[in-house]
Amino acid sequence: MQYAQIVLPLNLRGTFTYKIPDELIPFIQIGMRVLVPFGGKKIYTGIVFEIHDQDPETFVAKDIISTLDEQPIVPKEQINFWNWLSGYYLCNLGEIYRFAFPSSLKLESETYLKLKPNITIEFENLDINEMHLIQALEVRQLINLTDIEAFIAKKEIVKTINSLIDLQYIEIDEKISEKYKAKEVAYVKIPEQLLENENLTEILSKLNRSPKQKDLFLLILSRQTENPSGFIKKSELFENGNFAGTHFKALSDKKLLEEYYQQKDRLESYEGEIEDLDVLSDAQKSAKADVDEAFEEKKNVLLHGVTSSGKTHIYLEKIDECVNEGKNVLFLLPEISLTKQITQRLEKKYGKQLGFYHQKLTDFEKVEVWRRIKNNDVKILIATRGALFLPFQNLGLIIVDEEHDSAYKPREVTPFFNAKDAALVLAGLYDARVILGSATPSVESYYLAKKEKLKYIFLNERFGKVKLPEYELINFKEAQDSKKVSGNFSLQLIDEIKKTLHEKNQTIILHNRRGYANVIECESCGYVNYCSNCDVVMTYHKSANEMKCHYCGQRASKPKTCPKCYSENLNERGVGVEQIHEEISKIFPENEVDRMDVDSMRKKFAYEKLYEKIEDRETDIIVGTQMISKGLDFDHIELVAIPKADSMLYVQDFRAEERAYQLITQVSGRAGRVSGNGKVLIQTFNPDHSVFQLIKLNNVAKIYKYFLTERQKFHYPPFTKLIMIELKHTKEDRVNRASQFLGSILRKYLPEECILGPEKAPIARLNNLYQFQILLKLPRGKNYEKFKNRVLLSLKEFDEITAYQSIKKGVFVDF
DNA sequence: AGCACGCCGACT
DNA sequence: GTCGGCGTGCTC
């Protein structure tokens, strides 16, 4: 007896055991998709994860219905990768499978059945259900499993299908492959033997009586002799209206032409000039030599290059080398909107061998890329984190650009994983190398580099020796005391903007808070407007004239009077980016001031329009949230101002200071990219704060040393490993009790100092779910595995309590 | 996760 | 009297 462990697209622990029918035993392989029955009536596409001969003891295994692939669709490296992810992040294989596959590759009850061609059916041997199904198929050809429910009892469906497949009457329709067949384009050529053997004049004289056919033939002949290796599209021949399909058909019938089809994407290649890579500067050359050396030792690299130092040049060199060695490259970005510059340069050089993959593609497009990757047609893939799951054949290099970016580990998407760390593991499985690149590496990566787990390469000058911007701290308290302020701006800051405007240069103002005012409060009774779904106050958005909840998206109209005491004294408190924009517009009425945040960029092409305005220097001042720290590489931005820098530090998060540093540095990088005269003004009530002081010093080693000291002092990563467990439910007392209970199990297995909580989450209710959390601080190193296994044990023990099964549970490892 | 079964309240 | 709410149990 042969059995297979199958992963199903369900959020359930582990794999499921199915019996392999004898006829499939010779063909079935790990990594193939199979169709299996599950529960009474469902059929799922699962993945074969293991093949063995161990009889299950506690249940009877069902049979696999059929295989869907002739070759494994998941390579063995990916099988290992899935296993690692599920073990490391304590998530189910089913969640990974769901995330990894485009939905059309894992059709569930959307699977179609059809009659086998040329069969004779012996109806007398069929039962009533089998007969119904056959009759239905005779009428409709294709039938969907959900449709079958209409005339066969749910419990009987799987049995019926299985028996008809066994009888060889019906089969699974490979709709998947047909549906996603690449577009084919018709091409024409004159058969070569015709040109070699026959006398051309003879052919032409035969065509004398049909001049149109002759002209068409001559046209094709001339194009073919002009460029023997070129392709002639059939559709092009009819473009000017001189010829019609009948002329073509006549020639084709006389065997003077040959029609053939090719997949569209294989043929198009970039026809422009191939651009040479720019020449590297000395600093870049030495950095590249360091990368080479690290790769020789099979070591991965942290490329820490200040803004505009030209990390991209180094990437391009290494991509080129990797491709020349016949291997493929995965280039990861935090979000796909940042592809512009890198794409332009790679497209010229690699044309059709370049691919793109991100979550905004349609399912069709995803499957298309999947196919190209599987066929090894893509040399370089520019992609977001989802691409880590593609069936790479020959991966040689992964580049993780902007490796510090939190978009690599979004909390809202399951399974939770950090694409940066996952990339390192995946590369290991393919024996590929990794470059993590950033101007502001994460503290974790920096620490790994200092511990020589990664090779640390520092590019500390901008390309072309352009100077880095200068930082200046403005003491806002002092400015206020000496009455040198206007609203939220010190006069000094306003003067600097004036100066920049006078020199016809542009200014960026960063204020990382959406909306106009954070809170609207009643002065008489203290009422504030809470979101009805979440325990957070609603933010006032003046431009949309409404209140918005930034967590669940709920909107409400702005109250004119206090709903509680009817007082009209409503006070706006807490400054948002809209207010900063309004103030600046009033101070500089003659100038063009634009706002850039998720709210103003929501309209289609809003981003593109603003981008062009800035590029054409129509915009003088850009006021924005953290959005402005990415992708805005313009030559005439000379000043960056951060009027309320303190707001970034007052966040309850041990990474707040790191984030503030990263954001300030990234935005500052936009200033003086060409002139080298960039200036950054940080306005703060705490100019003595270490982070601001260190940023001003602009000494990278000192900044990271400070972060690492703080992290060590308070036992935070990278000195400990964090696991956050979050429980959610609509009923507060239920989650509360459940989290207390989970806490007590954890305390049974883990030392007290490792466990914080359970306690209410900082946002106690979100989208009508109450949330509690438990934070685990586990030691790094050898003991970590042991401790994590105990966490797993605790979670399993918790899961056994049926009363808590309706509680949603989130586990975030390295959150 | 997704589904069936079973037990309670509020409706034609 | 039944429809439908969600609590519980189960899936190879």
# chains A, B, ... in the order shown; residues from 1 in each chain; ligands from 1
call {"tool": "closest_atom_pairs", "arguments": {"of": "chain C", "to": "chain A", "cutoff": "12 Å", "atoms": "only C-alpha atoms (C1' of nucleotides)", "output": "Markdown table"}}
result
| residue | atom | partner | partner_atom | distance |
| --- | --- | --- | --- | --- |
| C:DC6 | C1' | A:Ser806 | CA | 10.3 |
| C:DG7 | C1' | A:Ala803 | CA | 8.5 |
| C:DT8 | C1' | A:Thr802 | CA | 7.4 |
| C:DG9 | C1' | A:Thr802 | CA | 8.6 |
| C:DC10 | C1' | A:Gly39 | CA | 8.4 |
| C:DT11 | C1' | A:Gly39 | CA | 5.2 |
| C:DC12 | C1' | A:Phe16 | CA | 4.6 |
call {"tool": "write_last_selection", "arguments": {"atoms": "C-alpha atoms (C1' of nucleotides)", "output": "PDB file, in the first residue's frame"}}
result
ATOM      1  C1'  DC C   6     -24.438  30.487  16.170  1.00  0.00           C
ATOM      2  C1'  DG C   7     -22.160  26.979  19.204  1.00  0.00           C
ATOM      3  C1'  DT C   8     -19.833  22.390  18.484  1.00  0.00           C
ATOM      4  C1'  DG C   9     -17.566  18.762  16.175  1.00  0.00           C
ATOM      5  C1'  DC C  10     -15.120  16.865  12.259  1.00  0.00           C
ATOM      6  C1'  DT C  11     -12.490  16.490   8.185  1.00  0.00           C
ATOM      7  C1'  DC C  12      -7.299  11.933   5.884  1.00  0.00           C
TER       8       DC C  12
END
call {"tool": "interface_residues", "arguments": {"of": "chain A", "to": "chain B", "cutoff": "10 Å", "atoms": "only C-alpha atoms (C1' of nucleotides)", "output": "list in words"}}
result
Pro9, Leu10, Asn11, Leu12, Gly39, Gly40, Lys41, Lys42, Gly94 and Glu95 of chain A
call {"tool": "write_last_selection", "arguments": {"atoms": "N, CA, C and O atoms", "output": "mmCIF file, in the first residue's frame"}}
result
data_model
loop_
_atom_site.group_PDB
_atom_site.id
_atom_site.type_symbol
_atom_site.label_atom_id
_atom_site.label_comp_id
_atom_site.auth_asym_id
_atom_site.auth_seq_id
_atom_site.Cartn_x
_atom_site.Cartn_y
_atom_site.Cartn_z
ATOM 1 N N PRO A 9 -5.646 23.327 0.751
ATOM 2 C CA PRO A 9 -5.707 24.780 0.929
ATOM 3 C C PRO A 9 -6.618 25.196 2.083
ATOM 4 O O PRO A 9 -7.505 26.005 1.907
ATOM 5 N N LEU A 10 -6.396 24.621 3.236
ATOM 6 C CA LEU A 10 -7.223 24.909 4.404
ATOM 7 C C LEU A 10 -6.311 25.293 5.553
ATOM 8 O O LEU A 10 -5.184 24.823 5.647
ATOM 9 N N ASN A 11 -6.831 26.113 6.428
ATOM 10 C CA ASN A 11 -6.019 26.522 7.564
ATOM 11 C C ASN A 11 -6.093 25.468 8.663
ATOM 12 O O ASN A 11 -6.634 25.700 9.729
ATOM 13 N N LEU A 12 -5.574 24.294 8.372
ATOM 14 C CA LEU A 12 -5.552 23.200 9.334
ATOM 15 C C LEU A 12 -4.122 22.728 9.488
ATOM 16 O O LEU A 12 -3.342 22.759 8.548
ATOM 17 N N GLY A 39 -14.078 15.650 3.330
ATOM 18 C CA GLY A 39 -15.379 15.800 3.959
ATOM 19 C C GLY A 39 -16.414 15.123 3.078
ATOM 20 O O GLY A 39 -16.088 14.374 2.168
ATOM 21 N N GLY A 40 -17.648 15.414 3.276
ATOM 22 C CA GLY A 40 -18.696 14.727 2.558
ATOM 23 C C GLY A 40 -18.708 14.978 1.068
ATOM 24 O O GLY A 40 -18.871 14.062 0.276
ATOM 25 N N LYS A 41 -18.488 16.237 0.652
ATOM 26 C CA LYS A 41 -18.774 16.537 -0.741
ATOM 27 C C LYS A 41 -17.707 17.396 -1.428
ATOM 28 O O LYS A 41 -17.793 17.640 -2.617
ATOM 29 N N LYS A 42 -16.766 17.866 -0.667
ATOM 30 C CA LYS A 42 -15.798 18.786 -1.272
ATOM 31 C C LYS A 42 -14.685 18.042 -2.002
ATOM 32 O O LYS A 42 -14.278 16.958 -1.589
ATOM 33 N N GLY A 94 -1.206 24.660 4.866
ATOM 34 C CA GLY A 94 -2.349 25.057 4.041
ATOM 35 C C GLY A 94 -2.397 26.559 3.798
ATOM 36 O O GLY A 94 -2.742 27.013 2.709
ATOM 37 N N GLU A 95 -2.034 27.342 4.814
ATOM 38 C CA GLU A 95 -2.005 28.803 4.649
ATOM 39 C C GLU A 95 -0.947 29.203 3.629
ATOM 40 O O GLU A 95 -1.144 30.108 2.826
#
call {"tool": "select_by_dssp", "arguments": {"residues": "region 523-558 of chain A", "states": "strand (DSSP E)", "output": "PDB file with C-alpha atoms, in the first residue's frame"}}
result
ATOM      1  CA  THR A 539      -9.640  61.499  12.539  1.00  0.00           C
ATOM      2  CA  TYR A 540     -11.004  64.649  10.960  1.00  0.00           C
ATOM      3  CA  HIS A 541     -10.301  64.939   7.224  1.00  0.00           C
ATOM      4  CA  GLU A 546     -15.623  63.757   7.105  1.00  0.00           C
ATOM      5  CA  MET A 547     -14.407  61.734  10.024  1.00  0.00           C
ATOM      6  CA  LYS A 548     -12.423  58.603   9.200  1.00  0.00           C
ATOM      7  CA  ARG A 555     -16.490  57.150   7.703  1.00  0.00           C
ATOM      8  CA  ALA A 556     -18.870  59.515   9.443  1.00  0.00           C
ATOM      9  CA  SER A 557     -19.910  63.105   8.949  1.00  0.00           C
TER      10      SER A 557
END
call {"tool": "select_by_dssp", "arguments": {"residues": "region 370-603 of chain A", "states": "helix (DSSP H, G or I)", "output": "PyMOL selection string"}}
result
chain A and resi 370-374+385-389+406-408+419-430+443-450+463-465+476-481+491-502+577-587
call {"tool": "residues_around", "arguments": {"residues": "Leu727 (chain A)", "least_positions_apart": "2", "cutoff": "6 Å", "atoms": "only C-alpha atoms (C1' of nucleotides)", "output": "number ranges by chain"}}
result
A: 771-772, 808-809
call {"tool": "closest_residue", "arguments": {"among": "A:His689, A:Lys234, A:His358, A:Lys106", "to": "Leu35 (chain A)", "atoms": "only C-alpha atoms"}}
result
A:Lys106
call {"tool": "atom_distance", "arguments": {"atom1": "CA of Phe787 (chain A)", "atom2": "CA of Val413 (chain A)"}}
result
25.5 Å
call {"tool": "residues_around", "arguments": {"residues": "Glu583 (chain A)", "least_positions_apart": "4", "cutoff": "9 Å", "atoms": "only C-alpha atoms (C1' of nucleotides)", "output": "ChimeraX atom specification"}}
result
/A:487-489,578-579,587-588
call {"tool": "residues_around", "arguments": {"residues": "Ala283 (chain A)", "least_positions_apart": "3", "cutoff": "10 Å", "atoms": "only C-alpha atoms (C1' of nucleotides)", "output": "PyMOL selection string"}}
result
chain A and resi 280+286-289+309-310+458-465
call {"tool": "write_last_selection", "arguments": {"atoms": "C-alpha atoms", "output": "PDB file, in the first residue's frame"}}
result
ATOM      1  CA  LEU A 280      31.469  52.333 -11.515  1.00  0.00           C
ATOM      2  CA  SER A 286      35.671  48.483  -4.121  1.00  0.00           C
ATOM      3  CA  ALA A 287      32.194  47.667  -2.796  1.00  0.00           C
ATOM      4  CA  LYS A 288      31.628  45.371  -5.739  1.00  0.00           C
ATOM      5  CA  ALA A 289      34.968  43.665  -5.112  1.00  0.00           C
ATOM      6  CA  SER A 309      25.390  56.076  -3.387  1.00  0.00           C
ATOM      7  CA  GLY A 310      24.461  53.980  -6.386  1.00  0.00           C
ATOM      8  CA  PHE A 458      29.349  50.181   3.467  1.00  0.00           C
ATOM      9  CA  LEU A 459      29.118  52.731   0.694  1.00  0.00           C
ATOM     10  CA  ASN A 460      29.416  55.979   2.561  1.00  0.00           C
ATOM     11  CA  GLU A 461      29.549  58.490  -0.210  1.00  0.00           C
ATOM     12  CA  ARG A 462      27.058  59.553  -2.810  1.00  0.00           C
ATOM     13  CA  PHE A 463      27.808  58.750  -6.415  1.00  0.00           C
ATOM     14  CA  GLY A 464      29.967  61.421  -8.035  1.00  0.00           C
ATOM     15  CA  LYS A 465      31.131  62.530  -4.580  1.00  0.00           C
TER      16      LYS A 465
END
call {"tool": "atom_distance", "arguments": {"atom1": "CA of Ile755 (chain A)", "atom2": "CA of Glu726 (chain A)"}}
result
13.3 Å
call {"tool": "residues_around", "arguments": {"residues": "Val680 (chain A)", "least_positions_apart": "6", "cutoff": "7 Å", "atoms": "only C-alpha atoms (C1' of nucleotides)", "output": "ChimeraX atom specification"}}
result
/A:469-472,639-641,668
call {"tool": "write_last_selection", "arguments": {"atoms": "N, CA, C and O atoms", "output": "mmCIF file, in the first residue's frame"}}
result
data_model
loop_
_atom_site.group_PDB
_atom_site.id
_atom_site.type_symbol
_atom_site.label_atom_id
_atom_site.label_comp_id
_atom_site.auth_asym_id
_atom_site.auth_seq_id
_atom_site.Cartn_x
_atom_site.Cartn_y
_atom_site.Cartn_z
ATOM 1 N N PRO A 469 23.224 65.659 2.578
ATOM 2 C CA PRO A 469 22.602 66.865 3.116
ATOM 3 C C PRO A 469 23.060 67.138 4.552
ATOM 4 O O PRO A 469 23.466 66.245 5.276
ATOM 5 N N GLU A 470 22.951 68.405 4.912
ATOM 6 C CA GLU A 470 23.315 68.800 6.271
ATOM 7 C C GLU A 470 22.060 68.846 7.130
ATOM 8 O O GLU A 470 20.996 69.264 6.672
ATOM 9 N N TYR A 471 22.210 68.423 8.362
ATOM 10 C CA TYR A 471 21.057 68.420 9.267
ATOM 11 C C TYR A 471 21.150 69.596 10.222
ATOM 12 O O TYR A 471 22.225 69.933 10.709
ATOM 13 N N GLU A 472 19.994 70.205 10.491
ATOM 14 C CA GLU A 472 19.963 71.243 11.508
ATOM 15 C C GLU A 472 18.760 71.015 12.410
ATOM 16 O O GLU A 472 17.658 70.734 11.929
ATOM 17 N N LEU A 639 15.581 71.272 0.026
ATOM 18 C CA LEU A 639 15.279 71.398 1.442
ATOM 19 C C LEU A 639 14.258 70.346 1.875
ATOM 20 O O LEU A 639 13.278 70.098 1.184
ATOM 21 N N VAL A 640 14.546 69.718 3.017
ATOM 22 C CA VAL A 640 13.578 68.824 3.637
ATOM 23 C C VAL A 640 13.283 69.381 5.019
ATOM 24 O O VAL A 640 14.203 69.658 5.780
ATOM 25 N N ALA A 641 11.995 69.583 5.325
ATOM 26 C CA ALA A 641 11.644 70.116 6.641
ATOM 27 C C ALA A 641 10.730 69.133 7.360
ATOM 28 O O ALA A 641 9.824 68.557 6.753
ATOM 29 N N SER A 668 15.408 62.623 3.880
ATOM 30 C CA SER A 668 16.551 63.533 3.711
ATOM 31 C C SER A 668 17.309 63.201 2.438
ATOM 32 O O SER A 668 17.875 64.091 1.800
#
call {"tool": "atom_distance", "arguments": {"atom1": "CA of Thr709 (chain A)", "atom2": "CA of Gln652 (chain A)"}}
result
18.6 Å
call {"tool": "decode", "arguments": {"residues": "region 137-153 of chain A", "atoms": "C-alpha atoms", "output": "tab-separated table (two decimals), in the first residue's frame"}}
result
chain	number	residue	atom	x	y	z
A	137	LEU	CA	-22.57	15.52	-19.48
A	138	GLU	CA	-24.09	14.43	-22.78
A	139	VAL	CA	-26.08	17.64	-22.80
A	140	ARG	CA	-23.50	20.06	-21.44
A	141	GLN	CA	-20.07	18.59	-22.22
A	142	LEU	CA	-18.48	20.28	-19.23
A	143	ILE	CA	-19.80	20.25	-15.71
A	144	ASN	CA	-18.68	21.88	-12.55
A	145	LEU	CA	-18.75	20.13	-9.18
A	146	THR	CA	-21.02	22.76	-7.69
A	147	ASP	CA	-23.46	22.23	-10.55
A	148	ILE	CA	-23.60	18.52	-9.82
A	149	GLU	CA	-25.05	19.31	-6.42
A	150	ALA	CA	-28.24	20.29	-8.19
A	151	PHE	CA	-29.08	16.69	-9.08
A	152	ILE	CA	-26.93	14.40	-6.92
A	153	ALA	CA	-27.07	14.25	-3.16
